[in-house]
Structures are given as structure tokens and as C-alpha cells.
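A.B. asks: To be precise about what I am sending: the file is called my_file_3.cif and holds mmCIF, C-alpha atoms.
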data_work
#
loop_
_atom_site.label_atom_id
_atom_site.label_comp_id
_atom_site.auth_asym_id
_atom_site.auth_seq_id
_atom_site.Cartn_x
_atom_site.Cartn_y
_atom_site.Cartn_z
CA MET A 1 -119.03 -1.07 -120.87
CA MET A 2 -120.98 -0.80 -117.64
CA ASP A 3 -124.42 -2.45 -117.51
CA VAL A 4 -126.68 0.46 -116.71
CA SER A 5 -130.03 -1.10 -117.60
CA GLY A 6 -131.15 -1.03 -113.98
CA VAL A 7 -129.66 2.30 -112.96
CA GLY A 8 -132.96 4.14 -113.21
CA PHE A 9 -131.82 7.68 -113.94
CA PRO A 10 -134.89 9.95 -114.08
CA SER A 11 -136.03 11.22 -117.47
CA GLU A 12 -137.28 14.52 -115.96
CA VAL A 13 -134.92 17.45 -115.46
CA PRO A 14 -134.54 17.59 -111.67
CA TRP A 15 -132.08 20.51 -111.68
CA LYS A 16 -134.94 22.85 -112.58
CA LYS A 17 -136.49 22.08 -109.18
CA MET A 18 -133.27 22.58 -107.20
CA SER A 19 -132.55 25.60 -105.05
CA ALA A 20 -129.58 27.81 -105.96
CA GLU A 21 -127.69 26.31 -103.02
CA GLU A 22 -128.32 22.73 -104.15
CA LEU A 23 -127.39 23.57 -107.74
CA GLU A 24 -124.10 25.03 -106.50
CA ASN A 25 -123.50 21.86 -104.50
CA GLN A 26 -124.33 19.52 -107.41
CA TYR A 27 -122.25 21.42 -109.96
CA CYS A 28 -119.14 22.04 -107.88
CA PRO A 29 -116.90 18.96 -108.24
CA SER A 30 -114.56 20.00 -105.42
CA ARG A 31 -117.43 19.43 -102.97
CA TRP A 32 -117.52 15.76 -103.92
CA VAL A 33 -113.85 14.83 -103.51
CA VAL A 34 -113.04 12.00 -101.14
CA ARG A 35 -109.25 11.97 -100.64
CA LEU A 36 -108.72 15.70 -100.20
CA GLY A 37 -110.88 18.50 -98.90
CA ALA A 38 -112.46 20.92 -101.37
CA GLU A 39 -109.83 23.66 -101.02
CA GLU A 40 -106.89 21.25 -101.04
CA SER A 41 -108.21 19.45 -104.13
CA LEU A 42 -108.57 22.75 -106.00
CA ARG A 43 -105.00 23.78 -105.09
CA THR A 44 -103.55 20.36 -105.89
CA TYR A 45 -105.28 19.79 -109.21
CA SER A 46 -104.87 23.39 -110.35
CA GLN A 47 -101.13 23.02 -109.82
CA ILE A 48 -101.07 19.67 -111.66
CA GLY A 49 -102.93 21.30 -114.57
CA ILE A 50 -100.59 24.30 -114.67
CA GLU A 51 -97.53 22.04 -114.72
CA ALA A 52 -98.98 19.68 -117.37
CA THR A 53 -99.96 22.63 -119.57
CA ALA A 54 -96.47 24.15 -119.28
CA ARG A 55 -94.86 20.80 -120.22
CA ALA A 56 -97.22 20.33 -123.19
CA ARG A 57 -96.63 23.86 -124.48
CA ALA A 58 -92.86 23.41 -124.19
CA THR A 59 -92.71 20.02 -125.90
CA ARG A 60 -95.63 19.82 -128.36
CA LYS A 61 -96.79 21.66 -131.43
CA SER A 62 -100.03 23.37 -130.48
CA LEU A 63 -102.80 25.72 -131.44
CA LEU A 64 -103.73 27.85 -128.46
CA HIS A 65 -106.94 29.69 -127.63
CA VAL A 66 -108.97 28.30 -130.55
CA PRO A 67 -112.55 29.62 -130.22
CA TYR A 68 -115.42 27.15 -130.04
CA GLY A 69 -118.07 29.72 -129.14
CA ASP A 70 -118.70 33.45 -129.06
CA GLY A 71 -117.64 34.16 -125.47
CA GLU A 72 -114.20 35.27 -124.31
CA GLY A 73 -113.77 32.13 -122.18
CA GLU A 74 -114.98 29.78 -124.92
CA LYS A 75 -111.60 28.67 -126.23
CA VAL A 76 -109.68 25.42 -126.37
CA ASP A 77 -106.01 24.53 -126.72
CA ILE A 78 -105.08 21.76 -129.19
CA TYR A 79 -101.88 19.73 -128.76
CA PHE A 80 -100.53 17.54 -131.55
CA PRO A 81 -98.56 14.26 -131.29
CA ASP A 82 -94.80 14.23 -131.82
CA GLU A 83 -95.08 12.52 -135.20
CA SER A 84 -97.62 12.54 -137.96
CA ALA A 85 -100.33 10.11 -136.94
CA GLU A 86 -102.65 10.02 -139.95
CA ALA A 87 -102.97 6.24 -139.83
CA LEU A 88 -103.33 6.02 -136.07
CA PRO A 89 -106.43 6.45 -133.89
CA PHE A 90 -107.06 9.90 -132.51
CA PHE A 91 -107.94 10.65 -128.88
CA LEU A 92 -109.76 13.85 -127.95
CA PHE A 93 -110.51 14.72 -124.33
CA PHE A 94 -113.31 17.12 -123.41
CA HIS A 95 -113.91 18.29 -119.89
CA GLY A 96 -117.20 20.13 -119.58
CA GLY A 97 -116.48 22.43 -116.67
CA TYR A 98 -119.93 21.85 -115.15
CA TRP A 99 -121.47 24.67 -117.19
CA GLN A 100 -121.27 27.21 -114.39
CA SER A 101 -120.97 30.22 -116.69
CA GLY A 102 -124.70 30.89 -116.80
CA ARG A 103 -127.88 29.34 -118.05
CA GLU A 104 -127.83 30.98 -121.52
CA ASP A 105 -124.18 30.08 -122.21
CA ALA A 106 -124.69 26.57 -120.86
CA GLN A 107 -127.67 25.96 -123.10
CA ARG A 108 -126.02 27.45 -126.20
CA ASN A 109 -122.86 25.34 -125.80
CA SER A 110 -124.40 22.25 -124.25
CA PRO A 111 -122.81 19.07 -125.64
CA GLN A 112 -126.19 17.41 -125.12
CA LEU A 113 -127.88 19.80 -127.55
CA LYS A 114 -124.96 19.94 -130.00
CA VAL A 115 -124.68 16.18 -130.38
CA ALA A 116 -128.46 15.82 -130.74
CA GLN A 117 -128.21 18.05 -133.82
CA ALA A 118 -125.29 16.17 -135.40
CA GLN A 119 -124.52 12.79 -136.90
CA PRO A 120 -121.09 11.19 -136.63
CA VAL A 121 -119.02 12.05 -139.69
CA ASP A 122 -116.95 8.90 -139.36
CA PRO A 123 -118.75 5.66 -138.43
CA THR A 124 -115.64 4.48 -136.59
CA CYS A 125 -115.71 7.50 -134.25
CA ARG A 126 -116.23 6.32 -130.68
CA VAL A 127 -117.28 8.37 -127.67
CA LEU A 128 -116.56 7.32 -124.10
CA VAL A 129 -118.57 9.03 -121.35
CA VAL A 130 -116.86 8.64 -117.96
CA VAL A 131 -118.00 9.46 -114.44
CA GLY A 132 -116.38 8.78 -111.11
CA GLN A 133 -118.17 6.90 -108.37
CA PHE A 134 -117.95 9.97 -106.14
CA ASP A 135 -119.21 12.51 -108.70
CA SER A 136 -122.47 14.22 -107.76
CA PRO A 137 -125.81 12.55 -108.53
CA GLU A 138 -126.61 15.37 -110.95
CA PHE A 139 -123.35 14.85 -112.82
CA HIS A 140 -124.14 11.12 -113.06
CA ARG A 141 -127.64 11.88 -114.34
CA GLN A 142 -126.48 14.36 -116.98
CA SER A 143 -123.64 12.10 -118.13
CA TRP A 144 -126.06 9.21 -118.51
CA GLU A 145 -128.47 11.39 -120.51
CA PHE A 146 -125.60 12.53 -122.73
CA TYR A 147 -124.68 8.89 -123.35
CA GLN A 148 -128.30 8.07 -124.23
CA THR A 149 -128.43 11.03 -126.66
CA LEU A 150 -125.27 9.76 -128.34
CA CYS A 151 -126.76 6.28 -128.74
CA GLN A 152 -130.02 7.67 -130.13
CA GLY A 153 -127.99 9.65 -132.67
CA GLU A 154 -126.24 6.45 -133.79
CA TRP A 155 -122.88 7.38 -132.29
CA LYS A 156 -120.72 4.48 -131.11
CA ALA A 157 -120.76 5.34 -127.43
CA SER A 158 -120.01 3.65 -124.15
CA PHE A 159 -120.57 4.70 -120.56
CA GLU A 160 -118.15 3.96 -117.74
CA GLU A 161 -118.41 4.62 -114.03
CA LEU A 162 -114.98 4.36 -112.45
CA HIS A 163 -115.14 2.95 -108.96
CA ASP A 164 -113.43 4.53 -105.98
CA VAL A 165 -112.48 7.79 -107.75
CA ASP A 166 -113.73 11.36 -107.74
CA HIS A 167 -113.94 13.84 -110.59
CA PHE A 168 -110.41 15.18 -110.22
CA GLU A 169 -108.84 11.74 -109.92
CA ILE A 170 -110.29 10.80 -113.31
CA ILE A 171 -108.31 13.60 -114.95
CA GLU A 172 -105.16 12.77 -112.98
CA ASN A 173 -105.48 9.09 -113.90
CA LEU A 174 -105.34 9.91 -117.60
CA THR A 175 -101.61 10.54 -117.13
CA GLN A 176 -100.96 7.04 -115.77
CA LYS A 177 -100.21 4.45 -118.45
CA ASP A 178 -101.41 1.44 -116.43
CA ASN A 179 -104.53 3.03 -114.97
CA VAL A 180 -107.87 1.33 -115.66
CA LEU A 181 -109.16 4.44 -117.46
CA THR A 182 -106.17 4.56 -119.78
CA GLN A 183 -106.70 0.86 -120.55
CA ILE A 184 -110.42 1.46 -121.25
CA ILE A 185 -109.51 4.28 -123.63
CA LEU A 186 -106.97 2.17 -125.49
CA LYS A 187 -109.45 -0.70 -125.76
CA THR A 188 -112.13 1.72 -127.03
CA ILE A 189 -109.82 3.30 -129.60
CA PHE A 190 -108.52 0.02 -130.99
CA GLN A 191 -111.87 -1.83 -131.18
#
Can you turn what I pasted into C-alpha cells?
C.D. replies:
Amino acid sequence: MMDVSGVGFPSEVPWKKMSAEELENQYCPSRWVVRLGAEESLRTYSQIGIEATARARATRKSLLHVPYGDGEGEKVDIYFPDESAEALPFFLFFHGGYWQSGREDAQRNSPQLKVAQAQPVDPTCRVLVVVGQFDSPEFHRQSWEFYQTLCQGEWKASFEELHDVDHFEIIENLTQKDNVLTQIILKTIFQ
């Protein structure tokens, strides 16, 4: 777990003071990529996602378009392992999507607010909050606040900043068995 005691993230909500242009900049991950330009990263990672989804749908049992909210776009796909894994740890990946759908939807479905209202059902449940070094300052701030909310709610949480990666590379790296993120996840699951 990263030592964040001296990070100094502000406790105020700075996004409320940002202009519409700055909000768009802070909440658009393609603007923060390092290896590729914004347009190229969107094309590349959209294609990777399309291909991975097609492979998963062809090879895994799944539940598709499961609603988690009231809106048409508020759905999730669930993919199951090849074999029954009742005795094994369970990994669940959430990607927040930067809450660009509108202030009301973002507040209603905010993980920050949802987790503040809930207690972990299973005391062994662990939550790993991950940011990339090149993610926007606002994304870092909100991720840190989410981690703090988890800790205050007695969730077993850890916070990791992955060095030398951007937001899209984090997702891509989840597919690589020997990647540092994959190793962190395995270590977190089997603690």
C-alpha cells in the first residue's frame, strides 16, 4: 500500500469552483494519456475493449445488461469463471466512467455516497483503489477521498498509485499476468 500520509489532498470540493472547460479537462481521461494522443488512445482502447468483450461473451457464461440504476445506460455485464469457484477469492472490477452523464445521475450513483451508506457484508472483503501517475489531479483527489470513505466505513481498503502509467494503461495492464497491478491484486485477494 502506498504511503499517502503526506500527500495533502484537499478536503474541500475544488470541482465546484472549476469552469466548465476545466471540468471537461479534469474528467476526460483521454486528455491525460502519455504514450498516445487523445484520439489515438480512444481508438486503440475502444478496439481493445470491443475485442475483449467479444472474447468474453464467446467463452464465458455471462449475465448481460444487468441494471444497477434507473437510467438506460446504467447497466453492467457480469462474466463468470470457467469453473465453480465458491471456495476461491472473487475479483470484481469497477470502472467509474468519470461520471460525465450529468450532475444528478453522478450524485445518485456516486460510489462515494453509496459506500458511505453501507457496511461491508463480509469482513474479508477488500477494496483496492487504483490511480495512474498520469491521471488528472481531480481523479487523484476523488480516488483518495473514496479510499478515505472506505476506511472510515471500516472497509479493508488500500490505495495504489501506479507509476509511469495513464488511466487507459491501467485497464490494459489487467490483462497481463506478470504486470505489477495484477500482482498487487493477487496479493490483496490472498491476504
A.B. asks: If you apply the PyMOL selection byres ((chain A and resi 132) around 12) to this file, what residues do you get, as a PyMOL selection string?
C.D. replies: chain A and resi 29+32-34+129-131+133-137+139-140+143+159-171+173+181
A.B. asks: Any idea what the distance is between atom CA of A:Lys156 and atom CA of A:Val121?
C.D. replies: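 Distance reported for this atom pair: 11.6 Å.
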A.B. asks: Name the residues that the PyMOL selection byres ((chain A and resi 49-56) around 12) pulls out of this structure, and write them as a ChimeraX atom specification.
C.D. replies: /A:41-48,57-64,77-82,168,171-172,174-175
A.B. asks: Which value, in Å to one decimal, gives the distance between atom CA of A:Glu154 and atom CA of A:Cys125?
C.D. replies: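 So the two atoms, atom CA of A:Glu154 and atom CA of A:Cys125, lie 10.6 Å apart.
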A.B. asks: Quick one, how far is atom CA of A:Val115 from atom CA of A:Thr149?
C.D. replies: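 These atoms are spaced 7.4 Å apart.
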A.B. asks: For A:Lys114, which of A:Leu128, A:Val66, A:Gln183, A:Gly153 is the closest residue, counting all atoms listed in the file?
C.D. replies: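 With all atoms listed in the file as the atom set, the closest residue is A:Gly153.
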